[in-house]
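**Student:** Here it is, the structure, as structure tokens.
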Amino acid sequence: MKIFIPQDVLWILRKLNENGFEAYVVGGCVRDSILGRKPSDWDITTDAEPMQVKGIFRRTIDTGLQHGTVTVMNHGVGYEVTTYRLDGDYSDHRRPESVTFSRDLADDLMRRDFTVNAMAYHPEKGLVDLYDGLADMKARVIRAVGDPDERFDEDALRILRAVRFAAQLGFTIEPATKAAIRNHVEDLSHVSVERIETELTKLICSPHPEEMEELYELGITAKILPEFDRMMETPQNTPYHYTDVGHHTIAVMQHVSPTKAMRYAALLHDIGKPACRTTDEAGVDHFKKHPIVGEPMAEQVLRRLKLDNKTIDSVCRLVLWHDFGINDDLTDAGFRRGMSKMGIEHFPEYLEIRRADTAGQSDYRKEEKQETINRLIRMYEKTVEAEAALTVRDLAIGGKELKEAGVPAGPRMGEILGHLLDYVLEDPARNTREELLSETERFLRIILA
């Protein structure tokens with residue numbers, strides 16, 4: 001088996017070999033290369049100790065000397081070079097209390113998480129696969145190295161990583177590994193929120209966001225995202241849906257772009273439904289105002305996971321507005337008012353979540369739902385073509401003209417500008433200097449009477 005290794009990585013391997021040390025590329029880069037995927041980074045393992053590595057290469061960064069890792073810089077790119085090691089006890093279910101450097105590659109591979117990540121490769125010595133990772137890759141399974149209970153007891157983050165790798169690679173988790181996950185799910189309390197968010201984000205942005213169901217079945221979401229459990233356990237007895245809120249949510253995730261904002265928006269768009277569910281006398285469920293209830297709930301989840309503010313703002317906006325325009329009586333003026341509040345620049349993202357939401361529903365009145373979407377698109381195109389005023393900045397007059405008309409700066413001016421915007425949203429043709437000044441005079445007479 002031959003694996004293509006970039007020249008900069010080969011150079012590091014050769015330098016270590018020339019100085020009398022073993023060196024292999026290891027882990028994810030080997031796995032991805034065999035699968036025909038482009039590795040995101042190249043990790044190197046060696047029997048050279050950190051200070052020996054630093055002595056060989058001119059430009060290095062002390063990434064984690066206590067754990068044997070030195071980053072070697074080559075043409076502006078950093079490559080982690082880590083000494084073979086044996087890990088000590090993991091008393092906190094996350095990090096070893098100590099590490100012992102080794103001269104044996106087998107020791108280093110033995111401490112790794114899954115067989116598909118426990119392979120090493122050297123261009124002359126070939127593939128080193130002590131735990132049948134290649135066979136598991138062919139069988140498309142995720143299997144813990146050695147005793148799965150020991151692997152998850154050592155590092156509880158591996159619980160999430162197992163499902164994440166299954167989602168990214170389209171693999172399944174083998175039974176013993178899955179059983180060990182269930183045994184150790186309580187240990188997730190020892191994992192930092194930041195690491196949980198990283199793994200969860202990679203999972204939901206993977207080609208298989210439906211692995212969220214695996215997180216639920218294994219009891220993982222009960223520890224990291226209990227709101228999802230409530231969605232999975234909330235039925236939707238309505239002709240518009242064919243499944244519960246959770247499975248509908250998964251279907252929506254499968255129909256949006258694999259970006260962080262869109263996948264989290266899909267994941268949380270119906271988070272308010274469990275709290276809003278009512279059932280009428282005919283046994284039909286209703287979820288009135290669930291976007292309004294769901295927006296602060298979504299924000300709470302995202303802040304708990306410590307996502308960035310830009311993502312939080314985007315997701316919360318989509319959660320709040322995802323049901324906009326579903327009623328047949330929406331007028332052009334109503335559309336403009338909605339776009340004024342949502343921001344017309346966000347319409348493409350709204351449209352994506354709207355289409356995905358529809359795709360995750362039943363076929364009941366499917367043609368009508370599609371026509372509603374088409375009507376919203378026509379309204380959007382009409383609004384853009386007309387360059388309709390949607391914000392105060394778009395008005396034909398501003399604070400300067402109002403001040404000249406005798407309106408004092410402060411709350412009163414803001415009140416008048418808000419009224420003028422609403423006046424123009426009703427009829428874009430009103431957005432002229434003369435019309436708005438005339439309306440200002442009329443409005444002032446009313447509020448000052």
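Letters for chains follow the order of the structure tokens (A, B, ...), residue numbers begin at 1 for each chain, and ligand numbers begin at 1 in the order shown.
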Considering only C-alpha atoms, return as a list in words whatever protein or nucleic-acid residues lie within 7 Å of segment 26-28 of chain A, sequence-local ones (same chain, fewer than 5 positions apart) excluded.
**Tutor:**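 What passes the distance filter is Asp43, Ile44, Thr45, Asn117, Ala118, Met119, Ala120 and Tyr121 of chain A.
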**Student:** Enumerate as JSON, numbers by chain all residues of segment 41-253 of chain A assigned to helix (DSSP H, G or I) by DSSP on the backbone, naming them with the chain letters and numbers the document uses.
**Tutor:** {"A": [50, 51, 52, 53, 54, 55, 56, 65, 66, 67, 105, 106, 107, 108, 109, 110, 115, 116, 117, 133, 134, 135, 136, 137, 138, 139, 148, 149, 150, 151, 152, 153, 154, 157, 158, 159, 160, 161, 162, 163, 164, 165, 166, 167, 168, 169, 175, 176, 177, 178, 179, 180, 181, 182, 183, 184, 185, 186, 187, 188, 189, 190, 193, 194, 195, 196, 197, 198, 199, 200, 201, 202, 203, 204, 209, 210, 211, 212, 213, 214, 215, 216, 217, 221, 222, 223, 224, 226, 227, 228, 229, 230, 231, 232, 245, 246, 247, 248, 249, 250, 251, 252, 253]}
**Student:** Considering only C-alpha atoms, give me a table of residues in segment 239-340 of chain A that are at most 10 Å from segment 370-374 of chain A, with the closest atom pair and distance in Å for each, as CSV.
**Tutor:**
```
residue,atom,partner,partner_atom,distance
A:Gly325,CA,A:Thr372,CA,7.7
A:Ile326,CA,A:Thr372,CA,6.7
A:Asn327,CA,A:Thr372,CA,8.1
A:Asp328,CA,A:Thr372,CA,7.2
A:Leu330,CA,A:Thr372,CA,9.7
```
**Student:** Take the selection from the previous step and output its residues with N, CA and C atoms, as a PDB file, in the first residue's frame.
**Tutor:**
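Listing of again-v4.pdb after writing:
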```pdb
ATOM      1  N   GLY A 325     -44.550  33.884   6.754  1.00  0.00           N
ATOM      2  CA  GLY A 325     -45.168  33.802   5.439  1.00  0.00           C
ATOM      3  C   GLY A 325     -45.898  32.523   5.135  1.00  0.00           C
ATOM      4  N   ILE A 326     -46.148  31.674   6.154  1.00  0.00           N
ATOM      5  CA  ILE A 326     -46.827  30.409   5.844  1.00  0.00           C
ATOM      6  C   ILE A 326     -48.329  30.600   5.649  1.00  0.00           C
ATOM      7  N   ASN A 327     -48.827  31.766   6.068  1.00  0.00           N
ATOM      8  CA  ASN A 327     -50.254  32.032   5.893  1.00  0.00           C
ATOM      9  C   ASN A 327     -50.535  32.559   4.493  1.00  0.00           C
ATOM     10  N   ASP A 328     -51.666  32.185   3.943  1.00  0.00           N
ATOM     11  CA  ASP A 328     -52.020  32.579   2.575  1.00  0.00           C
ATOM     12  C   ASP A 328     -52.353  34.057   2.448  1.00  0.00           C
ATOM     13  N   LEU A 330     -50.731  36.693   3.472  1.00  0.00           N
ATOM     14  CA  LEU A 330     -49.614  37.634   3.545  1.00  0.00           C
ATOM     15  C   LEU A 330     -49.647  38.573   2.332  1.00  0.00           C
TER      16      LEU A 330
END
```
**Student:** Which residue out of A:Phe347, A:Lys54, A:Ala261, A:Asp104 has the minimum interatomic distance to Asp313 of chain A when only C-alpha atoms are used?
**Tutor:**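 That would be A:Ala261, the residue with the smallest distance to Asp313 of chain A.
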**Student:** Determine which residues of segment 117-283 of chain A DSSP labels as strand (DSSP E) from the backbone of this structure, then write them out as a PyMOL selection string.
**Tutor:** chain A and resi 120-122+126-128+141-142+172-173+278-279
**Student:** Dump N, CA and C atoms for the selected residues as a compact mmCIF listing (two decimals), in the first residue's frame?
**Tutor:**
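File result-v8.txt, as written:
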```
# COMPACT_ATOMS: atom_id res chain seq x y z
N ALA A 120 -0.15 3.60 11.53
CA ALA A 120 1.00 4.45 11.21
C ALA A 120 1.55 4.03 9.84
N TYR A 121 2.26 4.97 9.20
CA TYR A 121 2.76 4.67 7.86
C TYR A 121 4.11 5.34 7.65
N HIS A 122 5.00 4.58 7.00
CA HIS A 122 6.30 5.11 6.59
C HIS A 122 6.49 4.76 5.12
N GLY A 126 6.12 0.96 5.05
CA GLY A 126 4.73 0.66 4.76
C GLY A 126 3.80 0.91 5.94
N LEU A 127 2.64 0.24 5.92
CA LEU A 127 1.60 0.45 6.91
C LEU A 127 1.83 -0.41 8.14
N VAL A 128 1.69 0.21 9.32
CA VAL A 128 1.73 -0.52 10.58
C VAL A 128 0.31 -0.50 11.13
N VAL A 141 -16.72 0.27 10.18
CA VAL A 141 -17.12 0.30 11.58
C VAL A 141 -16.12 1.10 12.41
N ILE A 142 -16.62 1.69 13.48
CA ILE A 142 -15.79 2.36 14.48
C ILE A 142 -15.66 1.41 15.66
N THR A 172 -20.63 2.71 11.07
CA THR A 172 -21.45 2.37 12.24
C THR A 172 -20.51 2.05 13.41
N ILE A 173 -21.04 2.14 14.61
CA ILE A 173 -20.25 1.83 15.80
C ILE A 173 -20.49 0.37 16.16
N THR A 278 -50.26 21.92 22.29
CA THR A 278 -51.61 21.76 22.82
C THR A 278 -52.35 20.80 21.89
N THR A 279 -53.38 20.16 22.43
CA THR A 279 -54.16 19.21 21.64
C THR A 279 -55.63 19.58 21.72
```
**Student:** For Ile196 of chain A, work out the shell of residues within 8 Å, counting only C-alpha atoms and skipping chain neighbours fewer than 5 positions away, then give it as a compact mmCIF listing (two decimals) with N, CA, C and O atoms, in the first residue's frame.
**Tutor:**
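Listing of result_25.txt after writing:
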```
# COMPACT_ATOMS: atom_id res chain seq x y z
N LEU A 157 -14.28 12.21 26.28
CA LEU A 157 -14.54 12.89 25.01
C LEU A 157 -14.65 11.87 23.87
O LEU A 157 -15.32 12.13 22.86
N LEU A 160 -18.13 11.12 22.39
CA LEU A 160 -18.63 11.97 21.30
C LEU A 160 -17.86 11.74 20.02
O LEU A 160 -18.43 11.78 18.92
N VAL A 191 -15.97 16.55 30.77
CA VAL A 191 -15.47 17.15 29.52
C VAL A 191 -15.89 18.61 29.45
O VAL A 191 -17.02 18.96 29.76
N ILE A 224 -25.76 16.41 27.21
CA ILE A 224 -25.21 17.62 26.58
C ILE A 224 -26.25 18.49 25.90
O ILE A 224 -26.02 19.68 25.66
N LEU A 305 -23.31 26.31 25.03
CA LEU A 305 -22.28 25.61 24.26
C LEU A 305 -21.11 26.52 23.89
O LEU A 305 -20.12 26.06 23.31
```
**Student:** Between A:Leu351, A:Ala333, A:Val99, A:Leu448, which has the minimum distance to Val407 of chain A (counting only C-alpha atoms)?
**Tutor:**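 With only C-alpha atoms as the atom set, the closest residue is A:Leu448.
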**Student:** Identify, on the basis of only C-alpha atoms, every residue whose closest approach to Gln254 of chain A does not exceed 9 Å; exclude the query and any residue fewer than 2 positions from it along the same chain; express the result as a list in words.
**Tutor:** Pro207, His208, Pro209, Glu210, Thr249, Ile250, Ala251, Val252, Val256, Ser257, Pro258, Arg263, Ala266, Ala356 and Gly360 of chain A
**Student:** May I have the residues from that selection written out with all heavy atoms, as an mmCIF file, in the first residue's frame?
**Tutor:**
```cif
data_model
loop_
_atom_site.group_PDB
_atom_site.id
_atom_site.type_symbol
_atom_site.label_atom_id
_atom_site.label_comp_id
_atom_site.auth_asym_id
_atom_site.auth_seq_id
_atom_site.Cartn_x
_atom_site.Cartn_y
_atom_site.Cartn_z
ATOM 1 N N PRO A 207 -21.634 14.816 6.687
ATOM 2 C CA PRO A 207 -22.605 14.327 5.693
ATOM 3 C C PRO A 207 -23.759 13.539 6.303
ATOM 4 O O PRO A 207 -24.724 13.236 5.607
ATOM 5 C CB PRO A 207 -21.746 13.422 4.793
ATOM 6 C CG PRO A 207 -20.337 13.876 4.999
ATOM 7 C CD PRO A 207 -20.277 14.303 6.430
ATOM 8 N N HIS A 208 -23.668 13.216 7.603
ATOM 9 C CA HIS A 208 -24.698 12.383 8.223
ATOM 10 C C HIS A 208 -25.185 12.980 9.540
ATOM 11 O O HIS A 208 -24.968 12.402 10.622
ATOM 12 C CB HIS A 208 -24.162 10.965 8.448
ATOM 13 C CG HIS A 208 -23.785 10.254 7.196
ATOM 14 N ND1 HIS A 208 -24.722 9.664 6.377
ATOM 15 C CD2 HIS A 208 -22.584 10.072 6.601
ATOM 16 C CE1 HIS A 208 -24.105 9.122 5.329
ATOM 17 N NE2 HIS A 208 -22.810 9.358 5.438
ATOM 18 N N PRO A 209 -25.872 14.130 9.473
ATOM 19 C CA PRO A 209 -26.403 14.726 10.711
ATOM 20 C C PRO A 209 -27.462 13.854 11.372
ATOM 21 O O PRO A 209 -27.804 14.078 12.531
ATOM 22 C CB PRO A 209 -26.994 16.055 10.236
ATOM 23 C CG PRO A 209 -27.343 15.829 8.791
ATOM 24 C CD PRO A 209 -26.249 14.931 8.286
ATOM 25 N N GLU A 210 -27.964 12.854 10.651
ATOM 26 C CA GLU A 210 -28.937 11.939 11.245
ATOM 27 C C GLU A 210 -28.337 11.128 12.396
ATOM 28 O O GLU A 210 -29.073 10.473 13.153
ATOM 29 C CB GLU A 210 -29.512 10.997 10.188
ATOM 30 C CG GLU A 210 -28.546 10.020 9.571
ATOM 31 C CD GLU A 210 -27.819 10.566 8.342
ATOM 32 O OE1 GLU A 210 -27.824 11.791 8.137
ATOM 33 O OE2 GLU A 210 -27.248 9.748 7.594
ATOM 34 N N THR A 249 -36.858 17.297 12.944
ATOM 35 C CA THR A 249 -35.667 18.141 13.039
ATOM 36 C C THR A 249 -34.494 17.527 12.289
ATOM 37 O O THR A 249 -33.779 18.217 11.547
ATOM 38 C CB THR A 249 -35.290 18.342 14.520
ATOM 39 O OG1 THR A 249 -36.309 19.127 15.152
ATOM 40 C CG2 THR A 249 -33.948 19.035 14.667
ATOM 41 N N ILE A 250 -34.288 16.239 12.445
ATOM 42 C CA ILE A 250 -33.202 15.550 11.738
ATOM 43 C C ILE A 250 -33.403 15.646 10.229
ATOM 44 O O ILE A 250 -32.448 15.898 9.474
ATOM 45 C CB ILE A 250 -33.117 14.089 12.193
ATOM 46 C CG1 ILE A 250 -32.612 14.015 13.642
ATOM 47 C CG2 ILE A 250 -32.204 13.288 11.268
ATOM 48 C CD1 ILE A 250 -32.686 12.636 14.252
ATOM 49 N N ALA A 251 -34.632 15.478 9.772
ATOM 50 C CA ALA A 251 -34.915 15.580 8.339
ATOM 51 C C ALA A 251 -34.598 16.974 7.815
ATOM 52 O O ALA A 251 -34.057 17.131 6.715
ATOM 53 C CB ALA A 251 -36.377 15.228 8.072
ATOM 54 N N VAL A 252 -34.918 18.001 8.602
ATOM 55 C CA VAL A 252 -34.616 19.372 8.192
ATOM 56 C C VAL A 252 -33.108 19.574 8.115
ATOM 57 O O VAL A 252 -32.599 20.205 7.178
ATOM 58 C CB VAL A 252 -35.272 20.381 9.155
ATOM 59 C CG1 VAL A 252 -34.879 21.819 8.791
ATOM 60 C CG2 VAL A 252 -36.790 20.246 9.115
ATOM 61 N N VAL A 256 -30.405 21.133 4.683
ATOM 62 C CA VAL A 256 -29.772 22.451 4.649
ATOM 63 C C VAL A 256 -28.276 22.293 4.409
ATOM 64 O O VAL A 256 -27.714 21.210 4.572
ATOM 65 C CB VAL A 256 -30.014 23.258 5.946
ATOM 66 C CG1 VAL A 256 -31.491 23.532 6.151
ATOM 67 C CG2 VAL A 256 -29.410 22.556 7.162
ATOM 68 N N SER A 257 -27.634 23.382 4.041
ATOM 69 C CA SER A 257 -26.193 23.373 3.782
ATOM 70 C C SER A 257 -25.424 22.956 5.033
ATOM 71 O O SER A 257 -25.830 23.286 6.148
ATOM 72 C CB SER A 257 -25.732 24.764 3.345
ATOM 73 O OG SER A 257 -26.469 25.224 2.240
ATOM 74 N N PRO A 258 -24.289 22.274 4.863
ATOM 75 C CA PRO A 258 -23.515 21.814 6.021
ATOM 76 C C PRO A 258 -22.647 22.907 6.635
ATOM 77 O O PRO A 258 -21.448 22.721 6.860
ATOM 78 C CB PRO A 258 -22.674 20.671 5.441
ATOM 79 C CG PRO A 258 -22.442 21.079 4.027
ATOM 80 C CD PRO A 258 -23.722 21.764 3.593
ATOM 81 N N ARG A 263 -26.903 24.422 10.035
ATOM 82 C CA ARG A 263 -27.183 23.160 10.710
ATOM 83 C C ARG A 263 -27.697 23.396 12.135
ATOM 84 O O ARG A 263 -28.598 22.698 12.600
ATOM 85 C CB ARG A 263 -25.944 22.267 10.704
ATOM 86 C CG ARG A 263 -25.644 21.641 9.318
ATOM 87 C CD ARG A 263 -26.633 20.524 8.993
ATOM 88 N NE ARG A 263 -26.534 20.044 7.619
ATOM 89 C CZ ARG A 263 -25.719 19.083 7.199
ATOM 90 N NH1 ARG A 263 -24.891 18.506 8.058
ATOM 91 N NH2 ARG A 263 -25.729 18.703 5.943
ATOM 92 N N ALA A 266 -31.290 24.553 11.830
ATOM 93 C CA ALA A 266 -32.174 23.411 11.588
ATOM 94 C C ALA A 266 -32.367 22.593 12.866
ATOM 95 O O ALA A 266 -33.481 22.157 13.184
ATOM 96 C CB ALA A 266 -31.599 22.542 10.476
ATOM 97 N N ALA A 356 -36.324 23.493 3.619
ATOM 98 C CA ALA A 356 -35.948 22.293 4.367
ATOM 99 C C ALA A 356 -37.052 21.889 5.333
ATOM 100 O O ALA A 356 -37.340 20.695 5.501
ATOM 101 C CB ALA A 356 -34.643 22.540 5.116
ATOM 102 N N GLY A 360 -39.162 18.297 5.323
ATOM 103 C CA GLY A 360 -39.234 17.404 6.468
ATOM 104 C C GLY A 360 -40.642 17.164 6.971
ATOM 105 O O GLY A 360 -40.824 16.546 8.032
#
```
**Student:** One decimal, Å: what's the distance from atom CA of Phe57 of chain A over to atom CA of Asn19 of chain A, could you say?
**Tutor:** 10.9 Å
**Student:** In Å to one decimal, how far is atom CA of Gly78 of chain A from atom CA of Phe21 of chain A?
**Tutor:**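 About the pair atom CA of Phe21 of chain A and atom CA of Gly78 of chain A: they are 20.0 Å apart.
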**Student:** Could you please determine the separation between atom CA of Glu18 of chain A and atom CA of Ile56 of chain A in Å, to one decimal place?
**Tutor:**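 Rounded to one decimal, the two atoms are 9.9 Å apart.
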**Student:** Would you mind listing what lies within 12 Å of Asn17 of chain A as a ChimeraX atom specification, with only C-alpha atoms counted and same-chain residues fewer than 4 positions away left out?
**Tutor:** /A:10-13,21-24,45-48,53,56,122-124
**Student:** So which one's closest to Lys310 of chain A, A:Lys260, A:Glu368, A:Cys29, A:Glu349? Using only C-alpha atoms, please.
**Tutor:**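 Among A:Lys260, A:Glu368, A:Cys29, A:Glu349, it is A:Lys260 that comes nearest to Lys310 of chain A.
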**Student:** Within 10 Å of segment 419-432 of chain A, counting only C-alpha atoms, which residues show up once you throw out same-chain ones fewer than 4 positions away? Write them as a VMD selection string, please.
**Tutor:** chain A and resid 331 to 340 383 386 to 398 413 to 415 436 to 440 443
